[in-house]
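**Student:** Next comes entry19.cif, mmCIF, C-alpha atoms:
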data_data
loop_
_atom_site.group_PDB
_atom_site.id
_atom_site.type_symbol
_atom_site.label_atom_id
_atom_site.label_comp_id
_atom_site.auth_asym_id
_atom_site.auth_seq_id
_atom_site.Cartn_x
_atom_site.Cartn_y
_atom_site.Cartn_z
ATOM 1 C CA MET A 176 26.013 -13.754 -3.516
ATOM 2 C CA MET A 177 24.571 -10.284 -4.036
ATOM 3 C CA PRO A 178 26.050 -7.676 -1.683
ATOM 4 C CA TRP A 179 22.658 -6.928 -0.143
ATOM 5 C CA SER A 180 21.953 -10.564 0.668
ATOM 6 C CA ARG A 181 24.225 -10.387 3.705
ATOM 7 C CA TRP A 182 21.425 -8.481 5.455
ATOM 8 C CA LEU A 183 19.055 -11.416 5.142
ATOM 9 C CA ARG A 184 18.971 -13.641 8.223
ATOM 10 C CA PRO A 185 18.011 -17.353 7.996
ATOM 11 C CA GLY A 186 14.372 -16.619 8.813
ATOM 12 C CA ASP A 187 14.249 -13.884 6.162
ATOM 13 C CA TRP A 188 15.222 -16.463 3.541
ATOM 14 C CA CYS A 189 11.951 -18.245 4.377
ATOM 15 C CA VAL A 190 9.726 -15.167 4.629
ATOM 16 C CA VAL A 191 10.697 -13.459 1.340
ATOM 17 C CA PRO A 192 10.404 -16.474 -1.028
ATOM 18 C CA GLY A 193 7.278 -17.602 0.836
ATOM 19 C CA ALA A 194 5.633 -14.218 0.345
ATOM 20 C CA LEU A 195 6.605 -14.128 -3.341
ATOM 21 C CA ALA A 196 5.225 -17.655 -3.827
ATOM 22 C CA LEU A 197 1.908 -16.540 -2.313
ATOM 23 C CA CYS A 198 1.824 -13.569 -4.711
ATOM 24 C CA LEU A 199 2.450 -15.879 -7.679
ATOM 25 C CA TRP A 200 -0.313 -18.210 -6.520
ATOM 26 C CA ALA A 201 -2.733 -15.288 -6.079
ATOM 27 C CA ALA A 202 -1.888 -13.957 -9.542
ATOM 28 C CA THR A 203 -2.451 -17.372 -11.121
ATOM 29 C CA ALA A 204 -5.723 -17.887 -9.243
ATOM 30 C CA SER A 205 -7.129 -14.478 -10.178
ATOM 31 C CA PHE A 206 -6.122 -14.537 -13.861
ATOM 32 C CA ARG A 207 -9.150 -14.775 -16.134
ATOM 33 C CA GLU A 208 -8.992 -15.431 -19.840
ATOM 34 C CA GLY A 209 -11.574 -14.275 -22.322
ATOM 35 C CA VAL A 210 -12.943 -11.059 -23.679
ATOM 36 C CA ALA A 211 -14.671 -8.403 -21.593
ATOM 37 C CA SER A 212 -18.226 -7.711 -22.730
ATOM 38 C CA SER A 213 -19.400 -4.904 -20.466
ATOM 39 C CA ALA A 214 -18.170 -2.208 -18.119
ATOM 40 C CA VAL A 215 -19.872 -1.856 -14.754
ATOM 41 C CA VAL A 216 -19.712 1.380 -12.779
ATOM 42 C CA ARG A 217 -20.442 1.204 -9.044
ATOM 43 C CA ARG A 218 -20.842 3.872 -6.413
ATOM 44 C CA ASP A 219 -20.566 2.679 -2.799
ATOM 45 C CA GLY A 220 -20.948 -0.866 -4.113
ATOM 46 C CA ALA A 221 -24.248 -0.242 -5.947
ATOM 47 C CA VAL A 222 -24.315 -0.536 -9.743
ATOM 48 C CA ILE A 223 -25.112 2.876 -11.248
ATOM 49 C CA ALA A 224 -24.250 2.179 -14.899
ATOM 50 C CA LYS A 225 -23.550 -0.769 -17.163
ATOM 51 C CA LEU A 226 -22.137 -0.170 -20.632
ATOM 52 C CA PRO A 227 -21.671 -2.747 -23.428
ATOM 53 C CA LEU A 228 -18.157 -2.866 -24.858
ATOM 54 C CA ASP A 229 -19.214 -3.199 -28.501
ATOM 55 C CA ARG A 230 -19.393 0.511 -29.297
ATOM 56 C CA HIS A 231 -17.913 3.866 -28.363
ATOM 57 C CA ALA A 232 -19.633 5.763 -25.550
ATOM 58 C CA ARG A 233 -18.796 8.449 -23.019
ATOM 59 C CA ILE A 234 -20.946 9.082 -19.953
ATOM 60 C CA GLY A 235 -20.752 11.205 -16.831
ATOM 61 C CA VAL A 236 -21.575 9.713 -13.443
ATOM 62 C CA THR A 237 -21.824 11.541 -10.137
ATOM 63 C CA GLY A 238 -19.296 10.526 -7.509
ATOM 64 C CA ALA A 239 -18.733 11.756 -3.986
ATOM 65 C CA LEU A 240 -16.596 14.674 -5.220
ATOM 66 C CA GLY A 241 -18.405 15.566 -8.436
ATOM 67 C CA GLU A 242 -18.638 14.241 -11.966
ATOM 68 C CA THR A 243 -16.527 11.318 -13.175
ATOM 69 C CA VAL A 244 -16.364 10.588 -16.895
ATOM 70 C CA ILE A 245 -16.361 6.969 -18.079
ATOM 71 C CA GLU A 246 -15.390 6.143 -21.660
ATOM 72 C CA VAL A 247 -15.897 2.804 -23.394
ATOM 73 C CA ALA A 248 -14.731 1.524 -26.768
ATOM 74 C CA PRO A 249 -14.921 -1.924 -28.384
ATOM 75 C CA GLY A 250 -13.277 -4.321 -25.900
ATOM 76 C CA ARG A 251 -12.062 -1.720 -23.422
ATOM 77 C CA ALA A 252 -13.044 0.986 -20.937
ATOM 78 C CA ARG A 253 -11.396 3.691 -18.865
ATOM 79 C CA VAL A 254 -11.991 6.490 -16.415
ATOM 80 C CA ALA A 255 -11.450 9.522 -18.649
ATOM 81 C CA ALA A 256 -11.800 12.151 -15.913
ATOM 82 C CA ASP A 257 -12.345 12.201 -12.171
ATOM 83 C CA ALA A 258 -12.649 14.871 -9.508
ATOM 84 C CA GLY A 259 -10.199 13.083 -7.174
ATOM 85 C CA PRO A 260 -7.024 14.955 -6.216
ATOM 86 C CA ARG A 261 -4.462 12.399 -7.396
ATOM 87 C CA GLN A 262 -6.195 11.079 -10.541
ATOM 88 C CA LEU A 263 -4.926 7.541 -9.908
ATOM 89 C CA CYS A 264 -7.890 5.839 -11.583
ATOM 90 C CA VAL A 265 -7.500 8.081 -14.629
ATOM 91 C CA LEU A 266 -3.779 7.359 -14.887
ATOM 92 C CA GLN A 267 -4.547 3.634 -14.873
ATOM 93 C CA GLY A 268 -5.653 4.057 -18.500
ATOM 94 C CA TRP A 269 -7.644 1.571 -20.566
ATOM 95 C CA LEU A 270 -8.841 -1.647 -18.947
ATOM 96 C CA THR A 271 -9.069 -4.596 -21.313
ATOM 97 C CA ARG A 272 -9.123 -7.869 -19.323
ATOM 98 C CA PRO A 273 -12.266 -9.330 -17.711
ATOM 99 C CA GLY A 274 -12.138 -8.628 -13.988
ATOM 100 C CA ALA A 275 -9.857 -5.599 -14.390
ATOM 101 C CA VAL A 276 -10.889 -2.758 -12.122
ATOM 102 C CA ALA A 277 -10.086 0.928 -11.696
ATOM 103 C CA ILE A 278 -10.921 2.419 -8.321
ATOM 104 C CA CYS A 279 -11.558 6.113 -7.731
ATOM 105 C CA ALA A 280 -11.496 5.942 -3.930
ATOM 106 C CA PRO A 281 -12.108 9.653 -3.214
ATOM 107 C CA SER A 282 -15.178 9.531 -5.471
ATOM 108 C CA HIS A 283 -16.355 6.193 -4.005
ATOM 109 C CA LEU A 284 -16.547 4.848 -7.581
ATOM 110 C CA SER A 285 -15.220 1.743 -9.283
ATOM 111 C CA LEU A 286 -15.107 0.689 -12.927
ATOM 112 C CA GLU A 287 -14.946 -3.040 -13.593
ATOM 113 C CA LEU A 288 -14.926 -5.091 -16.778
ATOM 114 C CA GLU A 289 -17.253 -8.083 -16.842
ATOM 115 C CA GLN A 290 -17.355 -11.126 -19.047
ATOM 116 C CA LEU A 291 -20.699 -12.262 -20.432
ATOM 117 C CA GLY A 292 -21.460 -15.680 -18.915
ATOM 118 C CA PRO A 293 -18.922 -18.138 -17.510
ATOM 119 C CA GLY A 294 -15.872 -19.159 -19.528
ATOM 120 C CA HIS A 295 -15.838 -22.538 -21.251
ATOM 121 C CA ASP A 296 -13.849 -25.390 -19.719
ATOM 122 C CA SER A 297 -14.059 -27.410 -22.928
ATOM 123 C CA VAL A 298 -15.834 -27.495 -26.259
ATOM 124 C CA ALA A 299 -16.998 -30.814 -27.776
ATOM 125 C CA TYR A 300 -18.427 -31.528 -31.223
ATOM 126 C CA MET B 240 2.998 17.463 36.202
ATOM 127 C CA THR B 241 6.714 17.013 35.730
ATOM 128 C CA VAL B 242 8.288 15.086 32.886
ATOM 129 C CA SER B 243 11.358 13.055 33.716
ATOM 130 C CA PRO B 244 14.523 13.600 31.653
ATOM 131 C CA ILE B 245 14.181 10.063 30.271
ATOM 132 C CA GLU B 246 10.607 10.682 29.117
ATOM 133 C CA ARG B 247 11.587 14.024 27.625
ATOM 134 C CA ALA B 248 14.478 12.455 25.726
ATOM 135 C CA ARG B 249 12.115 9.770 24.437
ATOM 136 C CA ASP B 250 9.564 12.356 23.292
ATOM 137 C CA VAL B 251 12.247 14.375 21.497
ATOM 138 C CA ARG B 252 13.573 11.211 19.870
ATOM 139 C CA ILE B 253 10.101 10.200 18.662
ATOM 140 C CA ALA B 254 9.497 13.699 17.294
ATOM 141 C CA ARG B 255 12.779 13.646 15.365
ATOM 142 C CA TYR B 256 12.194 10.206 13.924
ATOM 143 C CA ALA B 257 8.640 11.238 12.989
ATOM 144 C CA ALA B 258 9.971 14.384 11.279
ATOM 145 C CA ILE B 259 12.320 12.291 9.128
ATOM 146 C CA ALA B 260 9.515 9.836 8.313
ATOM 147 C CA VAL B 261 7.208 12.719 7.333
ATOM 148 C CA GLY B 262 9.940 14.215 5.140
ATOM 149 C CA LEU B 263 10.406 10.912 3.328
ATOM 150 C CA ALA B 264 6.635 10.422 2.977
ATOM 151 C CA MET B 265 6.247 13.934 1.536
ATOM 152 C CA ALA B 266 9.020 13.305 -0.984
ATOM 153 C CA GLU B 267 7.327 10.057 -1.911
ATOM 154 C CA ALA B 268 3.946 11.771 -2.341
ATOM 155 C CA ALA B 269 5.469 13.732 -5.226
ATOM 156 C CA LEU B 270 6.352 10.536 -7.098
ATOM 157 C CA PRO B 271 3.883 9.233 -9.696
ATOM 158 C CA SER B 272 2.117 5.995 -8.763
ATOM 159 C CA PRO B 273 1.059 3.462 -11.411
ATOM 160 C CA LEU B 274 -1.702 2.075 -9.202
ATOM 161 C CA PRO B 275 -3.435 3.218 -5.998
ATOM 162 C CA GLY B 276 -1.497 1.896 -3.030
ATOM 163 C CA ILE B 277 1.818 1.244 -4.789
ATOM 164 C CA LYS B 278 4.608 3.286 -3.208
ATOM 165 C CA PRO B 279 8.231 2.581 -2.285
ATOM 166 C CA GLY B 280 7.401 3.079 1.417
ATOM 167 C CA LEU B 281 10.602 4.995 2.208
ATOM 168 C CA ALA B 282 9.253 6.153 5.587
ATOM 169 C CA ASN B 283 9.045 2.510 6.627
ATOM 170 C CA VAL B 284 12.854 2.435 6.796
ATOM 171 C CA VAL B 285 12.548 4.810 9.758
ATOM 172 C CA ILE B 286 9.796 2.687 11.373
ATOM 173 C CA LEU B 287 11.942 -0.466 11.038
ATOM 174 C CA ILE B 288 14.978 1.282 12.568
ATOM 175 C CA VAL B 289 12.921 2.579 15.498
ATOM 176 C CA LEU B 290 11.409 -0.885 15.965
ATOM 177 C CA ALA B 291 14.854 -2.491 16.108
ATOM 178 C CA ARG B 292 16.489 0.143 18.302
ATOM 179 C CA HIS B 293 13.740 1.373 20.600
ATOM 180 C CA GLY B 294 10.918 -1.169 20.457
ATOM 181 C CA TRP B 295 7.369 -1.414 19.189
ATOM 182 C CA ALA B 296 5.811 1.362 21.282
ATOM 183 C CA GLU B 297 8.082 4.084 19.886
ATOM 184 C CA ALA B 298 7.714 2.680 16.364
ATOM 185 C CA ALA B 299 3.936 2.911 16.783
ATOM 186 C CA TRP B 300 4.188 6.574 17.860
ATOM 187 C CA VAL B 301 6.363 7.418 14.868
ATOM 188 C CA SER B 302 4.038 5.591 12.488
ATOM 189 C CA VAL B 303 0.872 7.281 13.780
ATOM 190 C CA LEU B 304 2.518 10.731 13.784
ATOM 191 C CA ARG B 305 3.765 10.128 10.248
ATOM 192 C CA VAL B 306 0.265 9.316 8.958
ATOM 193 C CA VAL B 307 -1.436 12.246 10.711
ATOM 194 C CA VAL B 308 1.182 14.903 9.880
ATOM 195 C CA THR B 309 1.647 13.757 6.269
ATOM 196 C CA SER B 310 -2.125 13.804 5.731
ATOM 197 C CA LEU B 311 -2.287 17.274 7.274
ATOM 198 C CA LEU B 312 0.496 18.599 5.025
ATOM 199 C CA THR B 313 -0.936 17.069 1.852
ATOM 200 C CA GLY B 314 -4.464 18.288 2.629
ATOM 201 C CA GLN B 315 -5.739 14.719 2.963
ATOM 202 C CA LEU B 316 -6.680 14.781 6.654
ATOM 203 C CA PHE B 317 -9.979 12.847 7.083
ATOM 204 C CA ALA B 318 -10.121 12.268 3.306
ATOM 205 C CA PRO B 319 -10.325 8.630 2.096
ATOM 206 C CA GLY B 320 -6.548 8.556 1.595
ATOM 207 C CA PHE B 321 -6.042 9.362 5.284
ATOM 208 C CA PHE B 322 -8.231 6.484 6.410
ATOM 209 C CA LEU B 323 -6.550 4.107 3.936
ATOM 210 C CA ALA B 324 -3.106 5.139 5.154
ATOM 211 C CA GLY B 325 -4.226 4.932 8.781
ATOM 212 C CA GLY B 326 -5.875 1.536 8.320
ATOM 213 C CA GLY B 327 -2.776 0.187 6.588
ATOM 214 C CA ALA B 328 -0.472 1.602 9.255
ATOM 215 C CA LEU B 329 -2.530 0.185 12.134
ATOM 216 C CA THR B 330 -2.706 -3.284 10.542
ATOM 217 C CA SER B 331 1.021 -3.114 9.895
ATOM 218 C CA LEU B 332 1.676 -2.170 13.541
ATOM 219 C CA VAL B 333 -0.341 -5.144 14.785
ATOM 220 C CA VAL B 334 1.716 -7.502 12.604
ATOM 221 C CA LEU B 335 4.977 -5.783 13.600
ATOM 222 C CA TRP B 336 4.055 -6.307 17.272
ATOM 223 C CA VAL B 337 4.023 -10.053 16.568
ATOM 224 C CA ALA B 338 7.020 -9.940 14.209
ATOM 225 C CA ALA B 339 9.145 -8.130 16.804
ATOM 226 C CA ARG B 340 8.641 -11.127 19.098
ATOM 227 C CA LEU B 341 9.897 -13.672 16.553
ATOM 228 C CA PRO B 342 13.324 -15.292 17.133
ATOM 229 C CA SER B 343 16.409 -13.308 16.118
ATOM 230 C CA GLN B 344 16.647 -15.361 12.903
ATOM 231 C CA PHE B 345 13.997 -12.959 11.579
ATOM 232 C CA GLY B 346 15.484 -9.496 11.046
ATOM 233 C CA PRO B 347 14.451 -6.145 9.575
ATOM 234 C CA VAL B 348 13.875 -7.738 6.160
ATOM 235 C CA SER B 349 11.203 -10.077 7.565
ATOM 236 C CA HIS B 350 9.736 -7.181 9.522
ATOM 237 C CA GLY B 351 9.701 -5.026 6.379
ATOM 238 C CA VAL B 352 8.032 -7.664 4.203
ATOM 239 C CA LEU B 353 5.459 -8.694 6.830
ATOM 240 C CA GLY B 354 4.679 -5.074 7.691
ATOM 241 C CA ALA B 355 4.260 -4.087 4.035
ATOM 242 C CA CYS B 356 1.977 -7.056 3.321
ATOM 243 C CA ALA B 357 -0.081 -6.237 6.428
ATOM 244 C CA HIS B 358 -0.331 -2.617 5.250
ATOM 245 C CA VAL B 359 -1.804 -3.744 1.917
ATOM 246 C CA THR B 360 -4.152 -6.180 3.684
ATOM 247 C CA GLY B 361 -5.495 -3.398 5.890
ATOM 248 C CA GLN B 362 -5.944 -1.050 2.956
ATOM 249 C CA LEU B 363 -7.704 -3.662 0.808
ATOM 250 C CA ALA B 364 -10.009 -4.623 3.681
ATOM 251 C CA LEU B 365 -10.905 -0.986 4.315
ATOM 252 C CA ALA B 366 -11.358 -0.207 0.614
ATOM 253 C CA SER B 367 -13.510 -3.258 -0.153
ATOM 254 C CA GLY B 368 -15.493 -3.039 3.079
ATOM 255 C CA TRP B 369 -16.147 0.682 3.197
ATOM 256 C CA LEU B 370 -14.834 2.927 0.406
ATOM 257 C CA VAL B 371 -15.648 0.882 -2.695
ATOM 258 C CA PRO B 372 -17.649 -2.131 -1.502
ATOM 259 C CA THR B 373 -16.980 -4.650 -4.271
ATOM 260 C CA GLN B 374 -15.314 -8.031 -4.376
ATOM 261 C CA SER B 375 -13.598 -7.062 -7.626
ATOM 262 C CA ILE B 376 -11.002 -5.123 -5.654
ATOM 263 C CA ALA B 377 -9.401 -8.522 -4.986
ATOM 264 C CA VAL B 378 -8.189 -8.433 -8.608
ATOM 265 C CA LEU B 379 -5.656 -5.822 -7.529
ATOM 266 C CA ALA B 380 -4.374 -7.984 -4.679
ATOM 267 C CA PRO B 381 -1.618 -9.912 -6.551
ATOM 268 C CA ILE B 382 -0.110 -6.700 -7.940
ATOM 269 C CA LEU B 383 -0.342 -4.854 -4.626
ATOM 270 C CA PHE B 384 1.095 -7.752 -2.610
ATOM 271 C CA THR B 385 3.973 -8.272 -5.073
ATOM 272 C CA ALA B 386 4.798 -4.564 -4.840
ATOM 273 C CA ALA B 387 4.546 -4.812 -1.034
ATOM 274 C CA VAL B 388 6.981 -7.738 -0.873
ATOM 275 C CA LEU B 389 9.497 -5.964 -3.089
ATOM 276 C CA SER B 390 9.225 -2.649 -1.218
ATOM 277 C CA GLY B 391 9.362 -4.486 2.131
ATOM 278 C CA LEU B 392 12.509 -6.264 0.968
ATOM 279 C CA ALA B 393 14.107 -2.990 -0.136
ATOM 280 C CA THR B 394 13.181 -1.057 3.014
ATOM 281 C CA GLY B 395 14.245 -3.985 5.203
ATOM 282 C CA ILE B 396 17.663 -4.140 3.542
ATOM 283 C CA ALA B 397 18.050 -0.359 3.829
ATOM 284 C CA ALA B 398 17.126 -0.492 7.530
ATOM 285 C CA ALA B 399 19.531 -3.399 8.168
ATOM 286 C CA GLU B 400 22.336 -1.524 6.407
ATOM 287 C CA LEU B 401 21.702 1.652 8.419
ATOM 288 C CA LEU B 402 21.399 -0.258 11.683
ATOM 289 C CA HIS B 403 24.683 -2.025 10.956
ATOM 290 C CA ARG B 404 26.562 1.120 10.124
ATOM 291 C CA GLY B 405 25.347 2.616 13.371
ATOM 292 C CA ARG B 406 26.388 6.049 12.247
ATOM 293 C CA HIS B 407 23.134 7.186 10.722
ATOM 294 C CA ARG B 408 21.973 10.552 11.885
ATOM 295 C CA LEU B 409 18.394 9.631 12.658
ATOM 296 C CA ASP B 410 18.856 9.421 16.387
ATOM 297 C CA LEU B 411 20.400 12.789 17.132
ATOM 298 C CA ALA B 412 18.571 13.340 20.389
ATOM 299 C CA HIS B 413 19.508 9.911 21.667
ATOM 300 C CA ASP B 414 23.178 10.209 20.735
ATOM 301 C CA ARG B 415 23.706 13.663 22.183
#
Would you kindly transcribe this structure into structure tokens?

**Tutor:**
Amino acid sequence: MMPWSRWLRPGDWCVVPGALALCLWAATASFREGVASSAVVRRDGAVIAKLPLDRHARIGVTGALGETVIEVAPGRARVAADAGPRQLCVLQGWLTRPGAVAICAPSHLSLELEQLGPGHDSVAY
Amino acid sequence: MTVSPIERARDVRIARYAAIAVGLAMAEAALPSPLPGIKPGLANVVILIVLARHGWAEAAWVSVLRVVVTSLLTGQLFAPGFFLAGGGALTSLVVLWVAARLPSQFGPVSHGVLGACAHVTGQLALASGWLVPTQSIAVLAPILFTAAVLSGLATGIAAAELLHRGRHRLDLAHDR
């Protein structure tokens, strides 16, 4: 028994593992395999830029607080600079997986990686 | 209008708890965060203690004061971060109102975990519905909820430990 476990009451032993099991299920359900093909930049939910991930590029987009710089490279993308006070979306670094998203809330911007077309369930010859 | 000694003592107690919660939240604001929304939630230890010792109404006062004063001190009042924190806190308070009425088999740890998960739910709903309207924000949910469960567990254990010791110095006004 860990020393801290004495603070868990019988009901807590149901709540904590139950919550962790839900997290595991959510992580499994949201995991997407494959390779990202494009980076989509949205402001207030509307797409304002879409960049292919097969070449290097660096663009500036206008957010609610000023200019935000988006950088793409083969297979990855990131928010290189943002006018937000805490720079959380910048610190997130390079996104590589399809579905990965960086959110610059103060700027009302999001950067999301998309996969071209649906993934394949099976391949037959 | 006269204020009864009991009401005055309650107001002083709430103010002191809120001051401690704000102090913890300010210290936490200086810590780096790997992702938006991931924090240890140290101030929630105070909320859980107030909930256990003085009930939901006082916990709600402390929570609301903590959000407003912390936002004021960090220059985030009425910025998106303020609304995210406020939305998370209000959702958490609704869930804590229910959690406080559960049987005694559910203690501060359950309250901490449920409150933290509700906080993330409120923030995600507000972010995806208003700040950054996109379904893709759901991708962050597993990470944010896992962090919420772990921080809720830690804050719940800390609150249970402090409540058990009964010699913490949070309730100075009440003890004097």

**Student:** Distance cut-off 8 Å, counting only C-alpha atoms - which residues of chain B neighbour chain A? Return them as JSON, numbers by chain.

**Tutor:** {"B": [272, 273, 274, 275, 318, 319, 320, 344, 345, 346, 348, 349, 352, 366, 369, 370, 371, 372, 373, 375, 376, 378, 379, 380, 381, 382, 384, 385, 388, 392, 396, 399, 400]}

**Student:** Taking the file as shown, what set of residues would the PyMOL selection byres ((chain B and resi 315) around 12) give back, as a list in words?

**Tutor:**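 What the PyMOL selection byres ((chain B and resi 315) around 12) grabs from the file is Gly259, Pro260, Arg261 and Pro281 of chain A; Ala268, Val306, Val307, Val308, Thr309, Ser310, Leu311, Leu312, Thr313, Gly314, Leu316, Phe317, Ala318, Pro319, Gly320, Phe321, Phe322, Leu323, Ala324 and Gly325 of chain B.
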
**Student:** Could you tell me how far CA of Val284 (chain B) lies from CA of Ile245 (chain B), in Å and to one decimal?

**Tutor:** 24.7 Å

**Student:** Any idea what the distance is between CA of Arg233 (chain A) and CA of Val247 (chain A)?

**Tutor:**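 We find that CA of Arg233 (chain A) and CA of Val247 (chain A) lie 6.4 Å from each other.
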
**Student:** How would you write as a PyMOL selection string the residues that get within 9 Å of (-21.8, 2.7, -15.2) in the file's frame, counting all atoms listed in the file?

**Tutor:** chain A and resi 214-218+222-226+234-236+245+285-286

**Student:** Between CA of Leu365 (chain B) and CA of Ala377 (chain B), measure the distance and give it in Å to one decimal.

**Tutor:** 12.1 Å

**Student:** Just the residues within 9 Å of Ala254 (chain B), please, counting only C-alpha atoms, with nothing from its chain fewer than 5 positions along; format it as a CSV table (one decimal) with C-alpha atoms, in the frame of the given file.

**Tutor:**
chain,number,residue,atom,x,y,z
B,249,ARG,CA,12.1,9.8,24.4
B,259,ILE,CA,12.3,12.3,9.1
B,300,TRP,CA,4.2,6.6,17.9
B,301,VAL,CA,6.4,7.4,14.9
B,304,LEU,CA,2.5,10.7,13.8

**Student:** Pull region 217-289 of chain A out of the block and emit C-alpha atoms, as a compact mmCIF listing (two decimals), in the first residue's frame.

**Tutor:**
# COMPACT_ATOMS: atom_id res chain seq x y z
CA ARG A 217 -8.57 28.60 -39.00
CA ARG A 218 -9.67 31.87 -37.49
CA ASP A 219 -12.95 31.77 -35.54
CA GLY A 220 -13.61 28.39 -37.15
CA ALA A 221 -13.27 29.62 -40.76
CA VAL A 222 -10.40 28.27 -42.88
CA ILE A 223 -8.05 31.14 -43.77
CA ALA A 224 -5.09 29.15 -45.10
CA LYS A 225 -4.28 25.62 -46.22
CA LEU A 226 -0.66 24.63 -46.79
CA PRO A 227 0.63 21.36 -48.32
CA LEU A 228 3.20 19.55 -46.18
CA ASP A 229 5.51 18.58 -49.05
CA ARG A 230 7.68 21.70 -48.99
CA HIS A 231 9.02 24.39 -46.70
CA ALA A 232 6.89 27.52 -46.32
CA ARG A 233 6.40 30.33 -43.83
CA ILE A 234 3.33 32.57 -43.88
CA GLY A 235 1.86 35.28 -41.70
CA VAL A 236 -1.84 35.25 -40.84
CA THR A 237 -3.78 37.92 -38.98
CA GLY A 238 -5.25 36.87 -35.66
CA ALA A 239 -7.28 38.78 -33.12
CA LEU A 240 -4.13 40.21 -31.50
CA GLY A 241 -1.94 40.73 -34.56
CA GLU A 242 0.20 38.61 -36.85
CA THR A 243 0.77 34.90 -36.23
CA VAL A 244 3.48 33.11 -38.19
CA ILE A 245 2.84 29.57 -39.43
CA GLU A 246 5.74 27.44 -40.66
CA VAL A 247 5.45 24.17 -42.57
CA ALA A 248 8.07 21.63 -43.61
CA PRO A 249 7.77 18.18 -45.20
CA GLY A 250 5.44 16.18 -42.92
CA ARG A 251 5.11 18.76 -40.16
CA ALA A 252 3.90 22.23 -39.20
CA ARG A 253 4.12 24.63 -36.28
CA VAL A 254 3.15 28.03 -35.00
CA ALA A 255 6.47 29.86 -35.22
CA ALA A 256 5.30 33.11 -33.62
CA ASP A 257 2.11 34.45 -32.08
CA ALA A 258 1.03 37.69 -30.47
CA GLY A 259 -0.58 35.90 -27.49
CA PRO A 260 0.81 36.67 -24.03
CA ARG A 261 1.71 33.13 -22.96
CA GLN A 262 2.91 31.68 -26.29
CA LEU A 263 1.39 28.27 -25.50
CA CYS A 264 0.74 27.37 -29.14
CA VAL A 265 4.30 28.32 -30.05
CA LEU A 266 5.76 26.24 -27.22
CA GLN A 267 3.80 23.23 -28.48
CA GLY A 268 6.40 22.95 -31.25
CA TRP A 269 6.13 20.88 -34.42
CA LEU A 270 2.93 18.95 -35.10
CA THR A 271 3.43 15.74 -37.04
CA ARG A 272 0.40 13.44 -36.58
CA PRO A 273 -2.84 13.77 -38.58
CA GLY A 274 -5.44 15.43 -36.38
CA ALA A 275 -2.84 17.16 -34.19
CA VAL A 276 -3.84 20.71 -33.37
CA ALA A 277 -2.24 23.79 -31.85
CA ILE A 278 -4.62 26.40 -30.50
CA CYS A 279 -3.75 30.07 -30.10
CA ALA A 280 -6.82 31.01 -28.06
CA PRO A 281 -6.03 34.72 -27.56
CA SER A 282 -5.58 35.08 -31.33
CA HIS A 283 -8.69 32.98 -32.09
CA LEU A 284 -6.51 30.82 -34.37
CA SER A 285 -5.96 27.10 -34.70
CA LEU A 286 -3.47 25.06 -36.71
CA GLU A 287 -4.50 21.51 -37.56
CA LEU A 288 -2.85 18.76 -39.58
CA GLU A 289 -5.08 16.95 -42.06
